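Undergrad: The following block contains the structure, expressed as structure tokens.
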Amino acid sequence: MILKIALRNFFGQGMRAVLNVFVTALIIIATIFSLSLLNGFQAQALKNMSVTDAGGGHYRVPGFDILSPMDWEDLTRTVPEQLKRLPPGQKAEVLVQQGTLFVHQHLFPVQLRGVEMAQELLDLPLQKLKAWSTPVQDTVPVVIGRQMAKASRLKAGDLVVMKWRDKFGAVDALDAEIVDVVPLVNPRVDEGVAWLRLDHLRQITQRPGEITWVVVEGNLGPVDGLEFLDVDYLMNDLLSLLKHDRRNTRILWIILLLLAGISVFNTQYLNIFKRQKEIGTLLAMGMTPSRVVRLFTLEGSLAAFGAVVLTGLLGIPFFAWFQTVGFDVSHLSETGIPVRENIFLVFRPGEIASSVLITVSLMLVVAWWPVRRISRLDPTLALRGRGIT
Amino acid sequence: MQLKVLATLFLLLLPVASAFGQTDADAQRLLEKIDDNLWSSSKHIEGRLIIDNGRRVRELSEESWMMGVTKGYSHYKSPARERGTKMLKIENKLWLYTPQTDRKILIAGHMLRQSMMGSDLSYEDMMEDVKVSEAYKATIEGFEDYEGKRVAVLRLTARDTSTTYQTRKVWADPDQFIILQEIRYAKSGKALKSVEFRDYFTVKNRLFPRRMVFRDLLKEDTKTTYIFDSIEFDVDIPNRYFSQSILKR
């Protein structure tokens with residue numbers, strides 16, 4: 001009975017009701033979209049970091065900091081036997097040293113990163129390096145990423161002078177051939193990085209068997225002379241950034257939700273002000289004040305329920321379409337964020353359910369709040385239109 | 001007749017053989033004499049550093065005091081941007097003081113490899129603190145005409161694996177015990193830097209270059225010229241010049 005009257009009254013509001021439903025639905029869609037997009041972004045960024053650099057964690061020489069290149073040469077050691085024994089699919093030995101490329105006679109400081117060719121843990125497009133024989137003769141083969149190639153104006157086949165120091169501090173230089181320019185999804189292993197075969201880097205720097213870190217699948221317990229850094233530590237800055245973004249998204253969602261809430265609140269407030277005589281009649285005809293409150297609350301809440309239905313009708317096709325095209329965030333890679341490809345939505349049912357539930361709950365509250373005054377309304381004054389002033 | 005030919009050949013080959021036998025020792029002696037000519041117990045220099053990076057030329061004037069090969073103090077007097085900058089070298093450490101920050105910075109380890117004030121010299125090059133004759137073994141590669149003079153070409157090989165430049169090639173005047181040109185090589189043999197010693201003049205019975213021109217051979221169109229406007233040898237330098245307390249305004 002109440003539902004029937006509420007529905008009739010709701011549709012009777014015309015365009016005002018439609019707008020409330022539409023706006024609330026858009027807010028729910030926008031919230032689900034932004035949160036899921038952030039999920040997708042996070043998943044892609046973490047995956048890219050993991051497959052190109054972090055793996056399941058690093059066993060590093062204690063004190064090593066990628067942001068302190070002056071210390072790189074002092075922080076190396078030979079691979080401990082425990083890690084050396086691991087099969088190629090479970091570890092990747094990496095040696096990092098400082099170097100300089102003289103590109104078109106200009107100085108270009110680079111990170112010389114040597115990675116073992118047999119490793120299968122990281123997904124790095126270094127096939128061209130594998131083809132080169134050892135030891136280094138007159139030319140050192142080097143692979144660079146596209147971003148590095150763009151910044152240095154280098155292309156495959158170019159020959160540049162590469163300078164570095166050996167373990168003892170003697171300066172050395174050879175011609176380096178850019179054997180390939182590869183797409184790297186993680187700009188952190190692209191910008192300013194020159195990729196070498198590990199055996200080559202060890203040979204030219206006179207560091208046989210030495211590493212800066214060993215990428216592993218996971219923590220293997222204490223290893224002599226190395227400390228384990230887990231993925232959370234290695235991706236700490238990225239995770240903090242994403243956490244910050246997630247908080248900003250929620251703030252935006254709250255603002256949108258408040259706007260929709262104010263709209264419903266306003267509608268409800270106007271309803272009880274303009275429909276005092278109707279309320280007075282209902283009360284005079286024997287409807288209890290609490291039932292009248294329920295009726296008006298239900299009427300106001302129909303915007304939220306309608307919005308949930310409309311979210312399904314509009315949101316599902318939109319999300320389905322979006323998953324076919326993705327979102328291009330390649331420009332972000334220039335700021336060091338490890339995503340270069342299109343990203344897609346990753347839905348978390350709990351997140352969607354809580355977003356919808358909070359939206360609907362808020363709508364219920366703002367639908368009820370203005371009409372609760374009806375319970376204190378004098379029917380005779382209401383019938384004369386003077387109950388609420 | 002046959003005997004005569006043999007005797008002539010013997011006499012002709014004798015100096016060549018003796019030269020081959022003595023070259024390395026001679027080369028080392030020549031290097032020592034060159035060091036003796038350049039190095040003294042103390043030095044006071046007023047000079048200018050002209051840095052040409054291919055796009056613009058900057059001129060810095062400075063005054064330096066050096067004690068042996070291990071202590072040195074420089075004070076930059078111009079341009080305005082560099083005025084008051086001080087450098088103090090003690091053993092293998094270098095402190096840099098800039099009046100803008102009013103702080104002294106220790107330049108040690110790998111920092112020493114950075115370019116000094118955008119020049120073709122690194123801090124390490126600037127504070128080279130060993131005599132070349134002590135750090136390198138010399139051999140004579142031959143003799144060449146160098147700007148109208150007959151000069152010895154020496155190949156210097158580092159005695160220690162940690163020496164920055166493992167080999168150097170030096171064009172030296174064996175009569176005057178001076179270096180005219182030097183090329184510093186990477187371990188691989190690639191030429192990295194060249195130094196030309198120009199306009200030698202006599203001061204206190206020593207021959208000293210008026211200008212030294214440094215070039216980073218891996219860069220294009222750059223050079224750094226060090227001009228010695230005045231130089232005094234064996235001067236008394238107060239100890240405070242080699243104390244960190246001098247590194248202030």
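Chain identifiers are assigned as A, B, and so on, following the order in which chains appear in the structure tokens; residues are numbered from 1 within each chain, and ligands are numbered from 1 in order of appearance.
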Taking only C-alpha atoms into account, what are the residues of chain A at most 10 Å from chain B, put as a VMD selection string?

TA: chain A and resid 69 to 74 98 101 to 107 137 to 138 160 to 175 204

Undergrad: Determine, counting only C-alpha atoms, which protein, DNA and RNA residues have an atom within 10 Å of an atom of B:Ala25; residues of the same chain fewer than 3 positions away are not included. Present the result as a list in words.

TA: Gly21, Gln22, Gln28, Arg29, Leu30, Leu31, Lys137, Ala138, Thr139 and Ile140 of chain B

Undergrad: Only C-alpha atoms, please: the residues just picked out, written as a PDB file, in the first residue's frame.

TA:
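Okay, part21.pdb is ready:
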ATOM      1  CA  GLY B  21     119.898  -1.357 -23.978  1.00  0.00           C
ATOM      2  CA  GLN B  22     119.580   1.981 -22.230  1.00  0.00           C
ATOM      3  CA  GLN B  28     112.806   6.785 -16.383  1.00  0.00           C
ATOM      4  CA  ARG B  29     115.669   9.204 -15.731  1.00  0.00           C
ATOM      5  CA  LEU B  30     114.126  11.703 -18.121  1.00  0.00           C
ATOM      6  CA  LEU B  31     110.808  11.420 -16.279  1.00  0.00           C
ATOM      7  CA  LYS B 137     107.230   3.120 -15.465  1.00  0.00           C
ATOM      8  CA  ALA B 138     108.572   4.787 -18.568  1.00  0.00           C
ATOM      9  CA  THR B 139     109.758   3.313 -21.832  1.00  0.00           C
ATOM     10  CA  ILE B 140     110.931   5.135 -24.907  1.00  0.00           C
TER      11      ILE B 140
END

Undergrad: Show which residues sit within 7 Å of B:Ala172, as JSON, numbers by chain. Count only C-alpha atoms, and ignore same-chain residues fewer than 2 positions away.

TA: {"B": [151, 152, 153, 170, 174, 177, 178, 179, 180]}

Undergrad: Take the residues from that selection and write them out as a CSV table (one decimal), in the first residue's frame, keeping C-alpha atoms.

TA:
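As a result, selection19.csv now contains:
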chain,number,residue,atom,x,y,z
B,151,VAL,CA,111.5,15.0,-28.8
B,152,ALA,CA,111.4,11.7,-27.1
B,153,VAL,CA,108.1,9.8,-27.1
B,170,VAL,CA,104.4,11.8,-23.3
B,174,PRO,CA,115.2,15.3,-23.6
B,177,PHE,CA,113.6,18.0,-19.4
B,178,ILE,CA,110.2,19.4,-20.2
B,179,ILE,CA,107.0,17.8,-21.4
B,180,LEU,CA,105.4,19.3,-24.5

Undergrad: Mind the document's chain letters and residue numbers, and return as JSON, numbers by chain the residues of stretch 9-131 of chain B that DSSP labels strand (DSSP E).

TA: {"B": [42, 43, 44, 45, 46, 47, 48, 49, 50, 51, 52, 57, 58, 59, 60, 61, 62, 63, 64, 65, 66, 67, 71, 72, 73, 74, 75, 76, 77, 78, 86, 87, 88, 89, 90, 93, 94, 95, 96, 97, 98, 103, 104, 105, 106, 107]}

Undergrad: Record the distance separating atom CA of B:Ser243 and atom CA of B:Ile51, expressed in Å with one decimal.

TA: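 Atom CA of B:Ile51 lies at a distance of 28.4 Å from atom CA of B:Ser243.
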
Undergrad: Counting only C-alpha atoms, which of A:Ile374, A:Ile2, A:Val356, A:Val96 gets nearest to A:Ile279?

TA: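 Looking only at the distances to A:Ile279, the closest residue turns out to be A:Ile374.
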
Undergrad: Can you pull out every residue within 7 Å of A:Leu112, counting only C-alpha atoms, but drop anything in the same chain fewer than 2 positions away, and send it as a count of residues only?

TA: 10

Undergrad: Considering only C-alpha atoms, state which residue in the set A:His58, A:His331, A:Arg188, A:Lys277 is at the smallest distance from A:Gln111.

TA: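 Of the candidates, the smallest distance to A:Gln111 is held by A:Arg188.
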
Undergrad: Would you work out the distance separating atom CA of A:Ala156 from atom CA of A:Ala176, expressed in Å to one decimal?

TA: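 Taking atom CA of A:Ala156 as the start and atom CA of A:Ala176 as the end point, the length is 11.2 Å.
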
Undergrad: Name the residues in contact with A:Pro62 at a cut-off of 12 Å, using only C-alpha atoms, excluding same-chain residues fewer than 6 positions from it; report them as a PDB file with C-alpha atoms, in the first residue's frame.

TA:
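File produced: result.pdb:
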ATOM      1  CA  ASP A  71      78.305   4.375  -3.756  1.00  0.00           C
ATOM      2  CA  TRP A  72      77.441   1.755  -6.369  1.00  0.00           C
ATOM      3  CA  ASP A  74      81.733   0.101  -3.392  1.00  0.00           C
ATOM      4  CA  LEU A  75      78.633  -1.972  -2.769  1.00  0.00           C
ATOM      5  CA  THR A  76      79.129  -5.210  -4.649  1.00  0.00           C
ATOM      6  CA  ARG A  77      80.080  -8.723  -3.560  1.00  0.00           C
ATOM      7  CA  THR A 212      74.808  -5.779  -6.562  1.00  0.00           C
ATOM      8  CA  TRP A 213      71.651  -7.729  -5.970  1.00  0.00           C
ATOM      9  CA  VAL A 223      71.869 -15.179   3.269  1.00  0.00           C
ATOM     10  CA  ASP A 224      75.453 -14.401   4.192  1.00  0.00           C
ATOM     11  CA  GLY A 225      76.457 -10.813   3.413  1.00  0.00           C
ATOM     12  CA  LEU A 226      73.167  -9.835   1.791  1.00  0.00           C
ATOM     13  CA  GLU A 227      69.916  -8.441   3.125  1.00  0.00           C
ATOM     14  CA  PHE A 228      66.487  -9.367   1.818  1.00  0.00           C
ATOM     15  CA  LEU A 229      64.256  -6.538   0.650  1.00  0.00           C
TER      16      LEU A 229
END

Undergrad: Would you give me, as a Markdown table, each residue of stretch 241-355 of chain A having an atom within 6 Å of an atom of stretch 5-22 of chain A, along with its shortest atom pair and that distance in Å to one decimal, using only C-alpha atoms and sorting by chain and residue number?

TA:
| residue | atom | partner | partner_atom | distance |
| --- | --- | --- | --- | --- |
| A:Leu295 | CA | A:Ala6 | CA | 5.9 |
| A:Glu299 | CA | A:Ala6 | CA | 4.6 |
| A:Ala303 | CA | A:Val21 | CA | 4.7 |
| A:Gly306 | CA | A:Val21 | CA | 5.7 |
| A:Ala307 | CA | A:Val21 | CA | 4.7 |

Undergrad: Write to file, as a PDB file, in the first residue's frame, the residues of the selection just made, with N, CA and C atoms.

TA:
ATOM      1  N   LEU A 295       6.231   6.677   4.492  1.00  0.00           N
ATOM      2  CA  LEU A 295       5.794   6.903   3.110  1.00  0.00           C
ATOM      3  C   LEU A 295       6.711   7.917   2.411  1.00  0.00           C
ATOM      4  N   GLU A 299       9.461   7.354  -0.502  1.00  0.00           N
ATOM      5  CA  GLU A 299       9.347   8.136  -1.732  1.00  0.00           C
ATOM      6  C   GLU A 299      10.705   8.769  -2.088  1.00  0.00           C
ATOM      7  N   ALA A 303      14.755   7.328  -5.225  1.00  0.00           N
ATOM      8  CA  ALA A 303      15.817   7.872  -6.099  1.00  0.00           C
ATOM      9  C   ALA A 303      17.067   7.003  -6.003  1.00  0.00           C
ATOM     10  N   GLY A 306      16.308   3.548  -7.526  1.00  0.00           N
ATOM     11  CA  GLY A 306      16.279   3.741  -8.985  1.00  0.00           C
ATOM     12  C   GLY A 306      17.683   3.910  -9.523  1.00  0.00           C
ATOM     13  N   ALA A 307      18.504   4.612  -8.746  1.00  0.00           N
ATOM     14  CA  ALA A 307      19.890   4.845  -9.181  1.00  0.00           C
ATOM     15  C   ALA A 307      20.662   3.538  -9.272  1.00  0.00           C
TER      16      ALA A 307
END
